[in-house]
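The next block is entry-v8.pdb, given as PDB, C-alpha atoms and all ligand atoms.
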MODEL        1
ATOM      1  CA  MET A 398      69.981 -20.219  37.258  1.00  0.00           C
ATOM      2  CA  LYS A 399      67.173 -18.079  35.874  1.00  0.00           C
ATOM      3  CA  LYS A 400      65.271 -15.879  38.352  1.00  0.00           C
ATOM      4  CA  VAL A 401      61.614 -16.006  39.367  1.00  0.00           C
ATOM      5  CA  ALA A 402      59.683 -12.738  39.418  1.00  0.00           C
ATOM      6  CA  VAL A 403      56.989 -12.422  42.066  1.00  0.00           C
ATOM      7  CA  ILE A 404      54.753  -9.556  40.974  1.00  0.00           C
ATOM      8  CA  MET A 405      51.843  -8.376  43.111  1.00  0.00           C
ATOM      9  CA  GLY A 406      49.100  -5.939  42.191  1.00  0.00           C
ATOM     10  CA  SER A 407      49.238  -4.383  45.654  1.00  0.00           C
ATOM     11  CA  ASP A 408      51.155  -4.621  48.908  1.00  0.00           C
ATOM     12  CA  SER A 409      47.875  -5.890  50.363  1.00  0.00           C
ATOM     13  CA  ASP A 410      48.603  -9.167  48.513  1.00  0.00           C
ATOM     14  CA  LEU A 411      51.831  -9.714  50.447  1.00  0.00           C
ATOM     15  CA  SER A 412      50.347 -11.608  53.384  1.00  0.00           C
ATOM     16  CA  VAL A 413      49.211 -14.326  50.954  1.00  0.00           C
ATOM     17  CA  MET A 414      52.330 -14.177  48.779  1.00  0.00           C
ATOM     18  CA  ASN A 415      54.682 -14.625  51.744  1.00  0.00           C
ATOM     19  CA  GLY A 416      53.967 -18.336  51.307  1.00  0.00           C
ATOM     20  CA  CYS A 417      55.305 -18.156  47.755  1.00  0.00           C
ATOM     21  CA  ILE A 418      58.388 -16.207  48.755  1.00  0.00           C
ATOM     22  CA  SER A 419      59.244 -18.556  51.619  1.00  0.00           C
ATOM     23  CA  THR A 420      58.926 -21.577  49.308  1.00  0.00           C
ATOM     24  CA  LEU A 421      61.279 -20.005  46.758  1.00  0.00           C
ATOM     25  CA  LYS A 422      63.719 -19.268  49.607  1.00  0.00           C
ATOM     26  CA  GLN A 423      63.457 -22.844  50.895  1.00  0.00           C
ATOM     27  CA  PHE A 424      64.638 -24.145  47.486  1.00  0.00           C
ATOM     28  CA  GLY A 425      67.342 -21.483  47.102  1.00  0.00           C
ATOM     29  CA  ILE A 426      65.733 -19.915  44.030  1.00  0.00           C
ATOM     30  CA  PRO A 427      66.899 -16.436  42.995  1.00  0.00           C
ATOM     31  CA  TYR A 428      63.863 -14.150  42.931  1.00  0.00           C
ATOM     32  CA  GLU A 429      62.727 -10.547  42.846  1.00  0.00           C
ATOM     33  CA  VAL A 430      59.527  -9.153  44.346  1.00  0.00           C
ATOM     34  CA  ARG A 431      57.733  -6.146  42.824  1.00  0.00           C
ATOM     35  CA  ILE A 432      54.445  -4.283  43.240  1.00  0.00           C
ATOM     36  CA  ILE A 433      53.149  -3.594  39.745  1.00  0.00           C
ATOM     37  CA  SER A 434      49.498  -3.068  38.922  1.00  0.00           C
ATOM     38  CA  ALA A 435      47.873  -3.774  35.566  1.00  0.00           C
ATOM     39  CA  HIS A 436      45.485  -0.878  36.232  1.00  0.00           C
ATOM     40  CA  ARG A 437      47.376   1.576  38.445  1.00  0.00           C
ATOM     41  CA  THR A 438      50.841   1.254  36.843  1.00  0.00           C
ATOM     42  CA  PRO A 439      50.198  -0.247  33.395  1.00  0.00           C
ATOM     43  CA  ASP A 440      53.375   1.259  31.890  1.00  0.00           C
ATOM     44  CA  ALA A 441      55.482  -0.469  34.541  1.00  0.00           C
ATOM     45  CA  ALA A 442      53.735  -3.768  33.772  1.00  0.00           C
ATOM     46  CA  HIS A 443      54.536  -3.349  30.093  1.00  0.00           C
ATOM     47  CA  GLN A 444      58.161  -2.430  30.764  1.00  0.00           C
ATOM     48  CA  PHE A 445      58.749  -5.222  33.248  1.00  0.00           C
ATOM     49  CA  ALA A 446      57.334  -7.953  31.012  1.00  0.00           C
ATOM     50  CA  SER A 447      59.042  -6.672  27.856  1.00  0.00           C
ATOM     51  CA  ALA A 448      62.433  -6.786  29.578  1.00  0.00           C
ATOM     52  CA  ALA A 449      61.847 -10.020  31.536  1.00  0.00           C
ATOM     53  CA  ILE A 450      63.950 -12.280  29.293  1.00  0.00           C
ATOM     54  CA  SER A 451      66.868  -9.865  29.018  1.00  0.00           C
ATOM     55  CA  ASN A 452      66.744  -9.355  32.796  1.00  0.00           C
ATOM     56  CA  GLY A 453      67.230 -13.085  33.404  1.00  0.00           C
ATOM     57  CA  PHE A 454      63.749 -14.176  34.466  1.00  0.00           C
ATOM     58  CA  GLY A 455      62.659 -17.740  33.686  1.00  0.00           C
ATOM     59  CA  VAL A 456      59.186 -17.589  35.236  1.00  0.00           C
ATOM     60  CA  ILE A 457      56.860 -14.782  36.297  1.00  0.00           C
ATOM     61  CA  ILE A 458      54.395 -15.278  39.139  1.00  0.00           C
ATOM     62  CA  ALA A 459      51.601 -12.702  39.032  1.00  0.00           C
ATOM     63  CA  ALA A 460      49.308 -12.294  42.042  1.00  0.00           C
ATOM     64  CA  ALA A 461      46.269 -10.040  41.933  1.00  0.00           C
ATOM     65  CA  GLY A 462      42.772  -9.721  43.282  1.00  0.00           C
ATOM     66  CA  LYS A 463      39.374  -8.392  42.154  1.00  0.00           C
ATOM     67  CA  ALA A 464      39.466  -7.706  38.367  1.00  0.00           C
ATOM     68  CA  ALA A 465      42.786  -9.540  38.250  1.00  0.00           C
ATOM     69  CA  HIS A 466      44.305  -8.683  34.881  1.00  0.00           C
ATOM     70  CA  LEU A 467      47.937  -8.596  35.990  1.00  0.00           C
ATOM     71  CA  GLY A 468      48.911 -12.089  34.818  1.00  0.00           C
ATOM     72  CA  GLY A 469      47.251 -11.598  31.462  1.00  0.00           C
ATOM     73  CA  VAL A 470      48.816  -8.199  30.840  1.00  0.00           C
ATOM     74  CA  LEU A 471      52.302  -9.459  31.726  1.00  0.00           C
ATOM     75  CA  ALA A 472      51.799 -12.539  29.531  1.00  0.00           C
ATOM     76  CA  ALA A 473      50.802 -10.289  26.633  1.00  0.00           C
ATOM     77  CA  TYR A 474      54.275  -8.721  26.583  1.00  0.00           C
ATOM     78  CA  THR A 475      56.564 -11.723  27.113  1.00  0.00           C
ATOM     79  CA  THR A 476      57.190 -15.355  26.208  1.00  0.00           C
ATOM     80  CA  VAL A 477      58.376 -16.096  29.755  1.00  0.00           C
ATOM     81  CA  PRO A 478      55.786 -18.460  31.321  1.00  0.00           C
ATOM     82  CA  VAL A 479      53.364 -16.619  33.612  1.00  0.00           C
ATOM     83  CA  ILE A 480      51.763 -18.284  36.636  1.00  0.00           C
ATOM     84  CA  GLY A 481      48.694 -16.482  37.966  1.00  0.00           C
ATOM     85  CA  VAL A 482      47.694 -16.453  41.631  1.00  0.00           C
ATOM     86  CA  PRO A 483      44.120 -15.253  42.131  1.00  0.00           C
ATOM     87  CA  ILE A 484      43.983 -13.411  45.451  1.00  0.00           C
ATOM     88  CA  LYS A 485      40.919 -13.558  47.673  1.00  0.00           C
ATOM     89  CA  SER A 486      40.592  -9.841  48.221  1.00  0.00           C
ATOM     90  CA  SER A 487      37.017  -8.717  47.702  1.00  0.00           C
ATOM     91  CA  THR A 488      33.440  -9.391  48.659  1.00  0.00           C
ATOM     92  CA  LEU A 489      33.284 -12.067  45.939  1.00  0.00           C
ATOM     93  CA  ASP A 490      35.653 -14.328  47.906  1.00  0.00           C
ATOM     94  CA  GLY A 491      38.251 -14.598  45.130  1.00  0.00           C
ATOM     95  CA  LEU A 492      35.951 -16.038  42.478  1.00  0.00           C
ATOM     96  CA  ASP A 493      36.280 -12.734  40.612  1.00  0.00           C
ATOM     97  CA  SER A 494      40.085 -12.998  40.757  1.00  0.00           C
ATOM     98  CA  LEU A 495      40.068 -16.655  39.729  1.00  0.00           C
ATOM     99  CA  LEU A 496      37.919 -16.129  36.651  1.00  0.00           C
ATOM    100  CA  SER A 497      39.697 -12.974  35.509  1.00  0.00           C
ATOM    101  CA  THR A 498      43.075 -14.705  35.855  1.00  0.00           C
ATOM    102  CA  VAL A 499      42.249 -18.099  34.367  1.00  0.00           C
ATOM    103  CA  GLN A 500      39.932 -17.217  31.490  1.00  0.00           C
ATOM    104  CA  MET A 501      42.593 -16.069  29.059  1.00  0.00           C
ATOM    105  CA  PRO A 502      41.914 -15.971  25.344  1.00  0.00           C
ATOM    106  CA  LYS A 503      43.698 -18.466  23.105  1.00  0.00           C
ATOM    107  CA  GLY A 504      47.286 -17.455  22.372  1.00  0.00           C
ATOM    108  CA  VAL A 505      48.130 -15.840  25.719  1.00  0.00           C
ATOM    109  CA  PRO A 506      48.195 -18.523  28.443  1.00  0.00           C
ATOM    110  CA  VAL A 507      48.380 -17.819  32.168  1.00  0.00           C
ATOM    111  CA  ALA A 508      48.901 -21.025  34.196  1.00  0.00           C
ATOM    112  CA  THR A 509      46.550 -20.368  37.071  1.00  0.00           C
ATOM    113  CA  VAL A 510      46.787 -21.952  40.522  1.00  0.00           C
ATOM    114  CA  ALA A 511      44.068 -22.038  43.191  1.00  0.00           C
ATOM    115  CA  ILE A 512      42.678 -18.952  44.920  1.00  0.00           C
ATOM    116  CA  ASN A 513      45.472 -17.875  47.318  1.00  0.00           C
ATOM    117  CA  GLY A 514      47.568 -20.796  45.986  1.00  0.00           C
ATOM    118  CA  ALA A 515      50.833 -18.985  46.627  1.00  0.00           C
ATOM    119  CA  GLU A 516      52.922 -22.018  47.628  1.00  0.00           C
ATOM    120  CA  ASN A 517      51.815 -24.018  44.596  1.00  0.00           C
ATOM    121  CA  ALA A 518      52.730 -21.094  42.330  1.00  0.00           C
ATOM    122  CA  ALA A 519      56.269 -21.246  43.720  1.00  0.00           C
ATOM    123  CA  LEU A 520      56.421 -25.037  43.346  1.00  0.00           C
ATOM    124  CA  LEU A 521      55.192 -24.866  39.754  1.00  0.00           C
ATOM    125  CA  ALA A 522      57.802 -22.218  38.972  1.00  0.00           C
ATOM    126  CA  ILE A 523      60.482 -24.420  40.547  1.00  0.00           C
ATOM    127  CA  GLN A 524      59.292 -27.386  38.474  1.00  0.00           C
ATOM    128  CA  MET A 525      59.676 -25.275  35.333  1.00  0.00           C
ATOM    129  CA  LEU A 526      63.212 -24.254  36.283  1.00  0.00           C
ATOM    130  CA  ALA A 527      64.007 -27.862  37.248  1.00  0.00           C
ATOM    131  CA  LEU A 528      63.639 -28.951  33.606  1.00  0.00           C
ATOM    132  CA  SER A 529      67.117 -27.537  33.036  1.00  0.00           C
ATOM    133  CA  GLU A 530      68.457 -27.784  36.617  1.00  0.00           C
ATOM    134  CA  PRO A 531      69.003 -31.424  37.722  1.00  0.00           C
ATOM    135  CA  ALA A 532      69.803 -30.403  41.321  1.00  0.00           C
ATOM    136  CA  LEU A 533      66.432 -28.687  41.577  1.00  0.00           C
ATOM    137  CA  ALA A 534      64.656 -31.757  40.209  1.00  0.00           C
ATOM    138  CA  LYS A 535      66.339 -33.799  42.933  1.00  0.00           C
ATOM    139  CA  ALA A 536      65.270 -31.280  45.604  1.00  0.00           C
ATOM    140  CA  LEU A 537      61.679 -31.523  44.362  1.00  0.00           C
ATOM    141  CA  GLU A 538      61.816 -35.324  44.565  1.00  0.00           C
ATOM    142  CA  GLU A 539      63.011 -35.049  48.166  1.00  0.00           C
ATOM    143  CA  TYR A 540      60.226 -32.554  48.916  1.00  0.00           C
ATOM    144  CA  LYS A 541      57.633 -35.062  47.665  1.00  0.00           C
ATOM    145  CA  LEU A 542      59.171 -37.884  49.708  1.00  0.00           C
ATOM    146  CA  GLN A 543      59.088 -35.672  52.805  1.00  0.00           C
ATOM    147  CA  MET A 544      55.437 -34.795  52.143  1.00  0.00           C
ATOM    148  CA  ALA A 545      54.565 -38.479  51.771  1.00  0.00           C
ATOM    149  CA  ALA A 546      56.391 -39.308  55.017  1.00  0.00           C
ATOM    150  CA  GLU A 547      54.405 -36.623  56.860  1.00  0.00           C
ATOM    151  CA  VAL A 548      51.095 -37.980  55.571  1.00  0.00           C
ATOM    152  CA  ALA A 549      52.113 -41.529  56.509  1.00  0.00           C
ATOM    153  CA  ALA A 550      52.978 -40.364  60.043  1.00  0.00           C
ATOM    154  CA  LYS A 551      49.571 -38.649  60.364  1.00  0.00           C
ATOM    155  CA  ASP A 552      47.868 -41.764  59.040  1.00  0.00           C
ATOM    156  CA  GLU A 553      49.604 -43.916  61.616  1.00  0.00           C
ATOM    157  CA  ARG A 554      48.802 -41.475  64.429  1.00  0.00           C
ATOM    158  CA  ILE A 555      45.122 -41.138  63.566  1.00  0.00           C
ATOM    159  CA  SER A 556      44.720 -44.920  63.273  1.00  0.00           C
ATOM    160  CA  ARG A 557      46.314 -45.329  66.687  1.00  0.00           C
ATOM    161  CA  GLU A 558      44.098 -42.640  68.269  1.00  0.00           C
ATOM    162  CA  VAL A 559      40.857 -43.895  66.735  1.00  0.00           C
ATOM    163  CA  MET A 560      41.629 -47.493  67.702  1.00  0.00           C
ATOM    164  CA  ALA A 561      42.536 -46.556  71.295  1.00  0.00           C
TER     165      ALA A 561
HETATM  166  C1  LIG A 601      44.257  -5.679  43.118  1.00  0.00           C
HETATM  167  O1  LIG A 601      43.302  -5.111  43.918  1.00  0.00           O
HETATM  168  C2  LIG A 601      45.383  -6.057  44.022  1.00  0.00           C
HETATM  169  O2  LIG A 601      46.086  -7.145  43.495  1.00  0.00           O
HETATM  170  C3  LIG A 601      44.709  -6.387  45.318  1.00  0.00           C
HETATM  171  O3  LIG A 601      44.464  -7.782  45.449  1.00  0.00           O
HETATM  172  C4  LIG A 601      43.378  -5.658  45.219  1.00  0.00           C
HETATM  173  C5  LIG A 601      43.205  -4.584  46.248  1.00  0.00           C
HETATM  174  O4  LIG A 601      44.291  -3.681  46.184  1.00  0.00           O
HETATM  175  P1  LIG A 601      44.432  -2.516  47.266  1.00  0.00           P
HETATM  176  O5  LIG A 601      43.253  -1.615  47.078  1.00  0.00           O
HETATM  177  O6  LIG A 601      44.440  -3.184  48.619  1.00  0.00           O
HETATM  178  O7  LIG A 601      45.745  -1.828  46.965  1.00  0.00           O
HETATM  179  O8  LIG A 601      44.693  -4.815  42.131  1.00  0.00           O
ENDMDL
END

Give the structure from the file, written as structure tokens.
Amino acid sequence: MKKVAVIMGSDSDLSVMNGCISTLKQFGIPYEVRIISAHRTPDAAHQFASAAISNGFGVIIAAAGKAAHLGGVLAAYTTVPVIGVPIKSSTLDGLDSLLSTVQMPKGVPVATVAINGAENAALLAIQMLALSEPALAKALEEYKLQMAAEVAAKDERISREVMA
């Protein structure tokens, strides 16, 4: 199976991105985690993205805050799909990160999830890998059934409590 790269602009993003890493673990996805900054270590960003295909990566998840150019810079150097996670890390509450991640020019897409949407980034990456991994597709179906069962249980409980 191809690997997922989880790239963060700073170790200060880790508390949010733990949700992504634990979701990848839950589905048994091979992954690597790196701290690479579009601004502080731009050469490393270039090198990582340029070698992503030959290093066996199928998806790159790029998490960054403030002027969040990491996803866009990585996407500039590879054809591996890049998922951007805007991190809420400044006085602008993550709106800065969201806009600088999502507003890519035509030709260089970054599939952007919600501010701090770490778990959804992992799930989207897994969905991409599942296109060529039937066992993963099955695991995702089971995940959705489990989610639906949890909501149904909450629905039943709240009805019971409100009616009591
Ligand atoms: C971004 O700046 C990082 O992704 C992080 O969200 C933010 C702050 O980084 P630190 O100053 O905490 O290292 O590049």

Identify which of the residues A:Ala550, A:Leu421, A:Val470, A:Ala446 lies closest to Pro502 of chain A, counting all atoms listed in the file when measuring atom-to-atom distances.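 Nearest to Pro502 of chain A: A:Val470.
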
Using all atoms listed in the file, which of A:Pro506, A:Pro439, A:Gly416, A:Pro531 sits nearest ligand LIG 601 (chain A)?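 When distances to ligand LIG 601 (chain A) are compared using all atoms listed in the file, the smallest one comes from A:Pro439.
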
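Atom to atom, atom CA of Asn517 of chain A and atom CA of Leu537 of chain A stand 12.4 Å apart.
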
Counting all atoms listed in the file, which residues of chain A sit at most 10 Å from some atom of ligand LIG 601 (chain A), and what is each one's closest atom pair with its distance in Å to one decimal, listed by chain and rising residue number, as CSV?
residue,atom,partner,partner_atom,distance
A:Ile404,CA,A:LIG601,O2,9.3
A:Met405,CA,A:LIG601,O2,5.9
A:Gly406,CA,A:LIG601,O2,3.5
A:Ser407,CA,A:LIG601,C2,4.5
A:Asp408,CA,A:LIG601,O7,6.4
A:Ser409,CA,A:LIG601,O6,4.7
A:Asp410,CA,A:LIG601,O3,5.3
A:Leu411,CA,A:LIG601,O3,9.1
A:Val413,CA,A:LIG601,O3,9.8
A:Ile432,CA,A:LIG601,O2,8.8
A:Ile433,CA,A:LIG601,O2,8.7
A:Ser434,CA,A:LIG601,O8,6.0
A:Ala435,CA,A:LIG601,O8,7.4
A:His436,CA,A:LIG601,O8,7.1
A:Arg437,CA,A:LIG601,O8,7.9
A:Ala459,CA,A:LIG601,O2,9.0
A:Ala460,CA,A:LIG601,O2,6.2
A:Ala461,CA,A:LIG601,O2,3.3
A:Gly462,CA,A:LIG601,O3,3.4
A:Lys463,CA,A:LIG601,O1,5.4
A:Ala464,CA,A:LIG601,C1,7.0
A:Ala465,CA,A:LIG601,C1,6.4
A:His466,CA,A:LIG601,O8,8.2
A:Leu467,CA,A:LIG601,O2,7.9
A:Val482,CA,A:LIG601,O2,9.6
A:Pro483,CA,A:LIG601,O3,8.2
A:Ile484,CA,A:LIG601,O3,5.6
A:Lys485,CA,A:LIG601,O3,7.1
A:Ser486,CA,A:LIG601,O3,5.2
A:Ser487,CA,A:LIG601,C4,7.5
A:Gly491,CA,A:LIG601,O3,9.2
A:Ser494,CA,A:LIG601,O3,8.3

Separating atom CA of Gln500 of chain A from atom CA of Leu471 of chain A, to the nearest tenth of an Å, is a gap of 14.6 Å

Please enumerate the residues selected by the PyMOL selection byres (((chain A and resi 526) around 9) and not hetatm) when evaluated against the supplied file, formatted as a list in words. Met398, Lys399, Lys400, Val401, Gly455, Val456, Leu521, Ala522, Ile523, Gln524, Met525, Ala527, Leu528, Ser529, Glu530, Leu533 and Ala534 of chain A

Same residues, C-alpha atoms, output as a PDB file, in the frame of the given file:
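Saved as selection_11.pdb:
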ATOM      1  CA  MET A 398      69.981 -20.219  37.258  1.00  0.00           C
ATOM      2  CA  LYS A 399      67.173 -18.079  35.874  1.00  0.00           C
ATOM      3  CA  LYS A 400      65.271 -15.879  38.352  1.00  0.00           C
ATOM      4  CA  VAL A 401      61.614 -16.006  39.367  1.00  0.00           C
ATOM      5  CA  GLY A 455      62.659 -17.740  33.686  1.00  0.00           C
ATOM      6  CA  VAL A 456      59.186 -17.589  35.236  1.00  0.00           C
ATOM      7  CA  LEU A 521      55.192 -24.866  39.754  1.00  0.00           C
ATOM      8  CA  ALA A 522      57.802 -22.218  38.972  1.00  0.00           C
ATOM      9  CA  ILE A 523      60.482 -24.420  40.547  1.00  0.00           C
ATOM     10  CA  GLN A 524      59.292 -27.386  38.474  1.00  0.00           C
ATOM     11  CA  MET A 525      59.676 -25.275  35.333  1.00  0.00           C
ATOM     12  CA  ALA A 527      64.007 -27.862  37.248  1.00  0.00           C
ATOM     13  CA  LEU A 528      63.639 -28.951  33.606  1.00  0.00           C
ATOM     14  CA  SER A 529      67.117 -27.537  33.036  1.00  0.00           C
ATOM     15  CA  GLU A 530      68.457 -27.784  36.617  1.00  0.00           C
ATOM     16  CA  LEU A 533      66.432 -28.687  41.577  1.00  0.00           C
ATOM     17  CA  ALA A 534      64.656 -31.757  40.209  1.00  0.00           C
TER      18      ALA A 534
END

I need the residue nearest Leu489 of chain A from this list: A:Ala473, A:Met544, A:Met560, A:Ile512. Use all atoms listed in the file for the distance.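 Ranked by minimum distance to Leu489 of chain A, first place goes to A:Ile512.
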
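Near Met414 of chain A, within 8 Å and counting all atoms listed in the file, sit Ala460, Asn513, Ala515 and Glu516 of chain A, not including residues fewer than 6 positions from it in the same chain.
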
From atom CA of Val403 of chain A to atom CA of Arg431 of chain A the spacing works out at 6.4 Å

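Proximity of A:Val477, A:Ala472, A:Glu429, A:Gln423 to Met501 of chain A, computed with all atoms listed in the file, is greatest for A:Ala472.
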
Assuming the chain letters and numbering stay as they are in my file, what does the PyMOL selection byres (((chain A and resi 508) around 8) and not hetatm) actually select? List them as JSON, numbers by chain. {"A": [478, 479, 480, 481, 499, 506, 507, 509, 510]}

Which residue, A:Gly425, A:Ile458, A:Ser412, A:Thr475, has the smallest gap to Gln444 of chain A when you use all atoms listed in the file?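 Among the listed residues, A:Thr475 lies closest to Gln444 of chain A.
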
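Taking all atoms listed in the file into account, Phe454 of chain A lies nearest to A:Ala402 out of the set A:Val505, A:Ile426, A:Ala545, A:Ala402.
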